Amino acid sequence: MMNGKQHVTGFFPAELVDLMTEIGEPRYRAHQIFRGVQQRRLRSFDEMTDLPLALRSKIGEIATPAALTLESKYVSEDGTRRFLMRTPDGRPVETVYIPSENRDTICFSSQSGCQLKCDFCLTAKLGLFRSLTAGEIVEQMIIVLNDVYGVGAETPHGTNLVAMGEGEPFLNFENLIKALEIMSSEEGLFIVPGRVTVSTAGIVPRIYDFASLDRRPNLAISLSAPDDELRDKLMPINRRWNVNELMRAAKAFEKTLKRGERFTFEYVLLGGVNDQVVHAESLARLLKKHDLQRVKINLIPHNPAEQLPYRPSDPEQVLRFKEILESRGVSAYIRRPRGRDIYAACGQLAAKTEPNLVQIASV
Ligand code: SF4
């Protein structure tokens, strides 16, 4: 419920059918509304001109497709856009659009803030406000796609989604999975699970749950340290589920991969902390020990910020780290930072609204 109204953006078609039945309307109206909200990306019933006027006003009394408010938008030199939205109870939600030549990516939030205290992440400084509803998760994509392509216009080359914005997606598991199911509908945004990646800091029981889903997205596990001593410090969730437990869950997940699929470990490189030769060697050994073969390592140069005690690794050190992994048969890629200048890059989401940022729109 949003201000007493039901937020239909988080409804399956079957739930909309129930709503129509309740108000004495035929079932097919539910499908019209689902397409209006999800496929045409309309944010008010008044715009759904295929519905009779009386129905538009009747449903408008009890439901809404628009719970989030777009507060501001920042555009980076590299074309990345950061959207700062608010929930009806005033909680920040950040979503990042990252354009690229052959595919665009939207990095969305699963929670407002985050309760995990990863030491290299600005979102951690916010703490957790609350988990987002399924509707609030889906609505982020609707707002971003409308901004980039115009209301209802098709996306030219599809969109990839990554659950790597604010929050730990596996601590909001049910709403996340519901949102992804809604978004994969052919009558809706039609973003199929293969184009979605969910990133976890290591909520081990949920990795097993995720592995058992029939149609599941890709998985990324944020690792950032090859042993407990270092990971306890960088990612305190490791004190709850340690590296070995995490690796066992990763192996269980690996066994469910289909032909040609791989999954990802993310490794944030912090200058002088976890980027040395010994760390790369120890990481390769760890993967070997757990017989993890269908993995790739995404090396993420740390995005510095005043409140964080780390510096990025030297570029030569990043290359060296990658080469050591590759020389031991581990695929490794260096992720290019995007949107650093507008606090949109990895680990930088902290609802920043400084006026010196380039703010293109304020709504
Ligand atoms: S890196 Fe992810 S899980 Fe860790 S504090 Fe930041 S948002 Fe939370």
# chains A, B, ... in the order shown; residues from 1 in each chain; ligands from 1

call {"tool": "residues_near_ligand", "arguments": {"ligand": "ligand 1", "cutoff": "10 Å", "atoms": "only C-alpha atoms and all ligand atoms", "output": "PyMOL selection string"}}
result
chain A and resi 109-128+163-171+199-203+222+234-237+268+346-350

call {"tool": "select_by_dssp", "arguments": {"residues": "range 131-222 of chain A", "states": "strand (DSSP E)", "output": "short mmCIF file (atom, residue, chain, number, x, y, z; two decimals) with N, CA, C and O atoms, in the first residue's frame"}}
result
data_model
loop_
_atom_site.label_atom_id
_atom_site.label_comp_id
_atom_site.auth_asym_id
_atom_site.auth_seq_id
_atom_site.Cartn_x
_atom_site.Cartn_y
_atom_site.Cartn_z
N SER A 131 13.86 -2.28 3.18
CA SER A 131 13.84 -3.01 1.92
C SER A 131 12.78 -2.38 1.01
O SER A 131 11.79 -1.84 1.49
N THR A 159 18.09 -4.28 -22.77
CA THR A 159 18.70 -3.69 -21.58
C THR A 159 19.12 -4.80 -20.65
O THR A 159 18.40 -5.78 -20.47
N ASN A 160 20.29 -4.67 -20.10
CA ASN A 160 20.72 -5.59 -19.04
C ASN A 160 20.43 -4.94 -17.70
O ASN A 160 20.52 -3.73 -17.56
N LEU A 161 20.12 -5.78 -16.74
CA LEU A 161 19.88 -5.26 -15.39
C LEU A 161 20.89 -5.85 -14.44
O LEU A 161 21.21 -7.05 -14.54
N VAL A 162 21.37 -5.06 -13.52
CA VAL A 162 22.20 -5.60 -12.45
C VAL A 162 21.67 -5.10 -11.11
O VAL A 162 21.39 -3.92 -10.93
N ALA A 163 21.50 -6.04 -10.18
CA ALA A 163 21.06 -5.67 -8.83
C ALA A 163 22.32 -5.38 -8.03
O ALA A 163 22.79 -6.21 -7.25
N VAL A 196 19.80 -10.51 -16.62
CA VAL A 196 19.82 -9.92 -15.27
C VAL A 196 20.94 -10.57 -14.45
O VAL A 196 21.13 -11.78 -14.52
N THR A 197 21.65 -9.77 -13.68
CA THR A 197 22.65 -10.30 -12.75
C THR A 197 22.36 -9.79 -11.35
O THR A 197 22.16 -8.59 -11.15
N VAL A 198 22.32 -10.72 -10.41
CA VAL A 198 22.10 -10.34 -9.01
C VAL A 198 23.43 -10.50 -8.28
O VAL A 198 24.09 -11.53 -8.39
N SER A 199 23.79 -9.47 -7.56
CA SER A 199 25.08 -9.48 -6.87
C SER A 199 24.88 -9.56 -5.36
O SER A 199 24.16 -8.74 -4.79
N THR A 200 25.51 -10.54 -4.74
CA THR A 200 25.38 -10.66 -3.29
C THR A 200 26.73 -10.52 -2.62
O THR A 200 27.76 -10.90 -3.17
N ASN A 218 21.59 -14.41 -13.60
CA ASN A 218 23.00 -14.70 -13.35
C ASN A 218 23.36 -14.27 -11.93
O ASN A 218 22.71 -13.41 -11.35
N LEU A 219 24.43 -14.87 -11.45
CA LEU A 219 24.86 -14.56 -10.08
C LEU A 219 26.26 -13.94 -10.08
O LEU A 219 27.15 -14.37 -10.83
N ALA A 220 26.42 -12.93 -9.25
CA ALA A 220 27.75 -12.39 -8.98
C ALA A 220 27.93 -12.40 -7.46
O ALA A 220 27.01 -12.06 -6.71
N ILE A 221 29.09 -12.83 -7.02
CA ILE A 221 29.39 -12.83 -5.58
C ILE A 221 30.52 -11.86 -5.35
O ILE A 221 31.57 -11.93 -5.98
N SER A 222 30.27 -10.92 -4.44
CA SER A 222 31.28 -9.94 -4.13
C SER A 222 32.25 -10.56 -3.11
O SER A 222 31.85 -10.88 -2.00
#

call {"tool": "atom_distance", "arguments": {"atom1": "CA of Ala66 in chain A", "atom2": "CA of Leu213 in chain A"}}
result
29.5 Å

call {"tool": "closest_atom_pairs", "arguments": {"of": "range 179-233 of chain A", "to": "range 280-297 of chain A", "cutoff": "9 Å", "atoms": "only C-alpha atoms", "output": "CSV"}}
result
residue,atom,partner,partner_atom,distance
A:Ala225,CA,A:Leu283,CA,7.7
A:Pro226,CA,A:Leu283,CA,4.9
A:Asp227,CA,A:Ser282,CA,7.9

call {"tool": "write_last_selection", "arguments": {"atoms": "all heavy atoms", "output": "mmCIF file, in the first residue's frame"}}
result
data_model
loop_
_atom_site.group_PDB
_atom_site.id
_atom_site.type_symbol
_atom_site.label_atom_id
_atom_site.label_comp_id
_atom_site.auth_asym_id
_atom_site.auth_seq_id
_atom_site.Cartn_x
_atom_site.Cartn_y
_atom_site.Cartn_z
ATOM 1 N N ALA A 225 38.373 -10.467 -1.116
ATOM 2 C CA ALA A 225 39.506 -10.913 -0.295
ATOM 3 C C ALA A 225 39.560 -12.436 -0.386
ATOM 4 O O ALA A 225 38.508 -13.080 -0.402
ATOM 5 C CB ALA A 225 39.333 -10.480 1.153
ATOM 6 N N PRO A 226 40.753 -13.009 -0.419
ATOM 7 C CA PRO A 226 40.843 -14.459 -0.600
ATOM 8 C C PRO A 226 40.890 -15.241 0.705
ATOM 9 O O PRO A 226 40.945 -16.469 0.685
ATOM 10 C CB PRO A 226 42.163 -14.608 -1.364
ATOM 11 C CG PRO A 226 42.988 -13.445 -0.923
ATOM 12 C CD PRO A 226 42.052 -12.344 -0.540
ATOM 13 N N ASP A 227 40.902 -14.558 1.849
ATOM 14 C CA ASP A 227 40.984 -15.305 3.120
ATOM 15 C C ASP A 227 40.141 -14.606 4.185
ATOM 16 O O ASP A 227 39.771 -13.427 4.055
ATOM 17 C CB ASP A 227 42.444 -15.399 3.582
ATOM 18 C CG ASP A 227 43.047 -14.028 3.779
ATOM 19 O OD1 ASP A 227 42.650 -13.347 4.730
ATOM 20 O OD2 ASP A 227 43.912 -13.596 2.966
#

call {"tool": "residues_around", "arguments": {"residues": "Leu84 in chain A", "least_positions_apart": "3", "cutoff": "8 Å", "atoms": "only C-alpha atoms", "output": "mmCIF file with N, CA and C atoms, in the first residue's frame"}}
result
data_model
loop_
_atom_site.group_PDB
_atom_site.id
_atom_site.type_symbol
_atom_site.label_atom_id
_atom_site.label_comp_id
_atom_site.auth_asym_id
_atom_site.auth_seq_id
_atom_site.Cartn_x
_atom_site.Cartn_y
_atom_site.Cartn_z
ATOM 1 N N LEU A 70 10.779 11.020 -8.780
ATOM 2 C CA LEU A 70 12.139 11.299 -9.254
ATOM 3 C C LEU A 70 12.550 12.658 -8.708
ATOM 4 N N GLU A 71 13.564 12.635 -7.829
ATOM 5 C CA GLU A 71 13.952 13.880 -7.178
ATOM 6 C C GLU A 71 15.002 14.618 -7.994
ATOM 7 N N SER A 72 16.006 13.882 -8.448
ATOM 8 C CA SER A 72 17.014 14.543 -9.269
ATOM 9 C C SER A 72 17.751 13.534 -10.135
ATOM 10 N N LYS A 73 18.426 14.082 -11.140
ATOM 11 C CA LYS A 73 19.141 13.232 -12.088
ATOM 12 C C LYS A 73 20.484 13.886 -12.377
ATOM 13 N N PRO A 92 15.541 7.319 0.276
ATOM 14 C CA PRO A 92 16.213 7.464 -1.022
ATOM 15 C C PRO A 92 16.330 6.135 -1.774
ATOM 16 N N VAL A 93 16.216 6.212 -3.075
ATOM 17 C CA VAL A 93 16.409 5.054 -3.956
ATOM 18 C C VAL A 93 17.271 5.546 -5.111
ATOM 19 N N GLU A 94 18.394 4.867 -5.363
ATOM 20 C CA GLU A 94 19.252 5.307 -6.461
ATOM 21 C C GLU A 94 19.341 4.243 -7.541
ATOM 22 N N THR A 95 19.328 4.720 -8.772
ATOM 23 C CA THR A 95 19.374 3.830 -9.924
ATOM 24 C C THR A 95 20.338 4.446 -10.930
ATOM 25 N N ALA A 351 23.165 8.566 -1.976
ATOM 26 C CA ALA A 351 22.125 9.590 -2.111
ATOM 27 C C ALA A 351 22.698 11.000 -2.104
#

call {"tool": "closest_residue", "arguments": {"among": "A:Met85, A:Gln140, A:Lys178, A:Tyr149", "to": "Phe11 in chain A", "atoms": "only C-alpha atoms"}}
result
A:Lys178

call {"tool": "residues_around", "arguments": {"residues": "range 29-32 of chain A", "least_positions_apart": "2", "cutoff": "7 Å", "atoms": "only C-alpha atoms", "output": "ChimeraX atom specification"}}
result
/A:13,16-17,20,26-27,34-36

call {"tool": "write_last_selection", "arguments": {"atoms": "all heavy atoms", "output": "PDB file, in the first residue's frame"}}
result
ATOM      1  N   PRO A  13      -0.150 -10.203 -13.159  1.00  0.00           N
ATOM      2  CA  PRO A  13      -1.460 -10.101 -13.818  1.00  0.00           C
ATOM      3  C   PRO A  13      -2.563 -10.759 -12.988  1.00  0.00           C
ATOM      4  O   PRO A  13      -3.671 -10.210 -12.883  1.00  0.00           O
ATOM      5  CB  PRO A  13      -1.241 -10.838 -15.144  1.00  0.00           C
ATOM      6  CG  PRO A  13       0.222 -10.644 -15.434  1.00  0.00           C
ATOM      7  CD  PRO A  13       0.897 -10.660 -14.095  1.00  0.00           C
ATOM      8  N   LEU A  16      -3.868  -8.500 -10.457  1.00  0.00           N
ATOM      9  CA  LEU A  16      -4.707  -7.442 -11.045  1.00  0.00           C
ATOM     10  C   LEU A  16      -6.088  -7.990 -11.382  1.00  0.00           C
ATOM     11  O   LEU A  16      -7.083  -7.268 -11.272  1.00  0.00           O
ATOM     12  CB  LEU A  16      -4.032  -6.888 -12.314  1.00  0.00           C
ATOM     13  CG  LEU A  16      -2.871  -5.913 -12.069  1.00  0.00           C
ATOM     14  CD1 LEU A  16      -2.109  -5.634 -13.360  1.00  0.00           C
ATOM     15  CD2 LEU A  16      -3.389  -4.599 -11.491  1.00  0.00           C
ATOM     16  N   VAL A  17      -6.129  -9.264 -11.771  1.00  0.00           N
ATOM     17  CA  VAL A  17      -7.436  -9.898 -12.026  1.00  0.00           C
ATOM     18  C   VAL A  17      -8.256  -9.867 -10.737  1.00  0.00           C
ATOM     19  O   VAL A  17      -9.434  -9.491 -10.742  1.00  0.00           O
ATOM     20  CB  VAL A  17      -7.251 -11.355 -12.547  1.00  0.00           C
ATOM     21  CG1 VAL A  17      -8.597 -12.093 -12.539  1.00  0.00           C
ATOM     22  CG2 VAL A  17      -6.638 -11.358 -13.951  1.00  0.00           C
ATOM     23  N   MET A  20      -9.584  -6.439 -10.170  1.00  0.00           N
ATOM     24  CA  MET A  20     -10.711  -6.129 -11.068  1.00  0.00           C
ATOM     25  C   MET A  20     -11.993  -6.811 -10.582  1.00  0.00           C
ATOM     26  O   MET A  20     -13.068  -6.220 -10.599  1.00  0.00           O
ATOM     27  CB  MET A  20     -10.396  -6.591 -12.502  1.00  0.00           C
ATOM     28  CG  MET A  20      -9.343  -5.757 -13.218  1.00  0.00           C
ATOM     29  SD  MET A  20      -9.772  -4.007 -13.352  1.00  0.00           S
ATOM     30  CE  MET A  20      -8.660  -3.288 -12.170  1.00  0.00           C
ATOM     31  N   PRO A  26     -14.384  -6.728 -15.659  1.00  0.00           N
ATOM     32  CA  PRO A  26     -13.976  -7.984 -16.303  1.00  0.00           C
ATOM     33  C   PRO A  26     -12.463  -8.218 -16.241  1.00  0.00           C
ATOM     34  O   PRO A  26     -11.693  -7.267 -16.139  1.00  0.00           O
ATOM     35  CB  PRO A  26     -14.431  -7.813 -17.761  1.00  0.00           C
ATOM     36  CG  PRO A  26     -14.658  -6.355 -17.940  1.00  0.00           C
ATOM     37  CD  PRO A  26     -14.935  -5.750 -16.594  1.00  0.00           C
ATOM     38  N   ARG A  27     -12.094  -9.531 -16.344  1.00  0.00           N
ATOM     39  CA  ARG A  27     -10.677  -9.907 -16.203  1.00  0.00           C
ATOM     40  C   ARG A  27      -9.777  -9.237 -17.238  1.00  0.00           C
ATOM     41  O   ARG A  27      -8.619  -8.928 -16.948  1.00  0.00           O
ATOM     42  CB  ARG A  27     -10.465 -11.420 -16.421  1.00  0.00           C
ATOM     43  CG  ARG A  27     -11.321 -12.335 -15.662  1.00  0.00           C
ATOM     44  CD  ARG A  27     -11.155 -13.752 -16.206  1.00  0.00           C
ATOM     45  NE  ARG A  27      -9.785 -14.233 -16.121  1.00  0.00           N
ATOM     46  CZ  ARG A  27      -9.304 -14.924 -15.103  1.00  0.00           C
ATOM     47  NH1 ARG A  27     -10.075 -15.218 -14.084  1.00  0.00           N
ATOM     48  NH2 ARG A  27      -8.055 -15.327 -15.105  1.00  0.00           N
ATOM     49  N   PHE A  34      -2.037  -4.167 -16.855  1.00  0.00           N
ATOM     50  CA  PHE A  34      -0.660  -4.681 -16.748  1.00  0.00           C
ATOM     51  C   PHE A  34       0.181  -4.144 -17.913  1.00  0.00           C
ATOM     52  O   PHE A  34       1.294  -3.644 -17.712  1.00  0.00           O
ATOM     53  CB  PHE A  34      -0.655  -6.221 -16.748  1.00  0.00           C
ATOM     54  CG  PHE A  34       0.702  -6.810 -16.460  1.00  0.00           C
ATOM     55  CD1 PHE A  34       1.181  -6.908 -15.160  1.00  0.00           C
ATOM     56  CD2 PHE A  34       1.524  -7.245 -17.494  1.00  0.00           C
ATOM     57  CE1 PHE A  34       2.443  -7.435 -14.890  1.00  0.00           C
ATOM     58  CE2 PHE A  34       2.796  -7.776 -17.234  1.00  0.00           C
ATOM     59  CZ  PHE A  34       3.240  -7.871 -15.932  1.00  0.00           C
ATOM     60  N   ARG A  35      -0.370  -4.219 -19.131  1.00  0.00           N
ATOM     61  CA  ARG A  35       0.387  -3.718 -20.294  1.00  0.00           C
ATOM     62  C   ARG A  35       0.588  -2.205 -20.196  1.00  0.00           C
ATOM     63  O   ARG A  35       1.641  -1.680 -20.539  1.00  0.00           O
ATOM     64  CB  ARG A  35      -0.325  -4.066 -21.593  1.00  0.00           C
ATOM     65  CG  ARG A  35      -0.108  -5.520 -22.022  1.00  0.00           C
ATOM     66  CD  ARG A  35      -0.516  -5.733 -23.470  1.00  0.00           C
ATOM     67  NE  ARG A  35      -1.933  -5.450 -23.669  1.00  0.00           N
ATOM     68  CZ  ARG A  35      -2.910  -6.347 -23.475  1.00  0.00           C
ATOM     69  NH1 ARG A  35      -2.604  -7.578 -23.108  1.00  0.00           N
ATOM     70  NH2 ARG A  35      -4.176  -6.029 -23.659  1.00  0.00           N
ATOM     71  N   GLY A  36      -0.412  -1.511 -19.715  1.00  0.00           N
ATOM     72  CA  GLY A  36      -0.308  -0.055 -19.578  1.00  0.00           C
ATOM     73  C   GLY A  36       0.819   0.342 -18.634  1.00  0.00           C
ATOM     74  O   GLY A  36       1.611   1.236 -18.908  1.00  0.00           O
TER      75      GLY A  36
END

call {"tool": "select_by_dssp", "arguments": {"residues": "range 88-315 of chain A", "states": "alpha helix (DSSP H)", "output": "JSON, numbers by chain"}}
result
{"A": [123, 124, 125, 126, 134, 135, 136, 137, 138, 139, 140, 141, 142, 143, 144, 145, 146, 147, 148, 149, 173, 174, 175, 176, 177, 178, 179, 180, 181, 182, 183, 204, 205, 206, 207, 208, 209, 210, 211, 228, 229, 230, 231, 232, 233, 234, 243, 244, 245, 246, 247, 248, 249, 250, 251, 252, 253, 254, 277, 278, 279, 280, 281, 282, 283, 284, 285, 286, 287, 288, 289, 315]}

call {"tool": "atom_distance", "arguments": {"atom1": "CA of Val37 in chain A", "atom2": "CA of Leu53 in chain A"}}
result
16.7 Å

call {"tool": "closest_residue", "arguments": {"among": "A:Arg311, A:Arg259, A:Arg240, A:Arg206", "to": "Leu176 in chain A", "atoms": "only C-alpha atoms"}}
result
A:Arg206

call {"tool": "residues_around", "arguments": {"residues": "range 43-45 of chain A", "least_positions_apart": "6", "cutoff": "12 Å", "atoms": "only C-alpha atoms", "output": "PyMOL selection string"}}
result
chain A and resi 7-9+32-37+51-69+139-140+142-143+146+151-152

call {"tool": "atom_distance", "arguments": {"atom1": "CA of Phe129 in chain A", "atom2": "CA of Asp147 in chain A"}}
result
26.0 Å
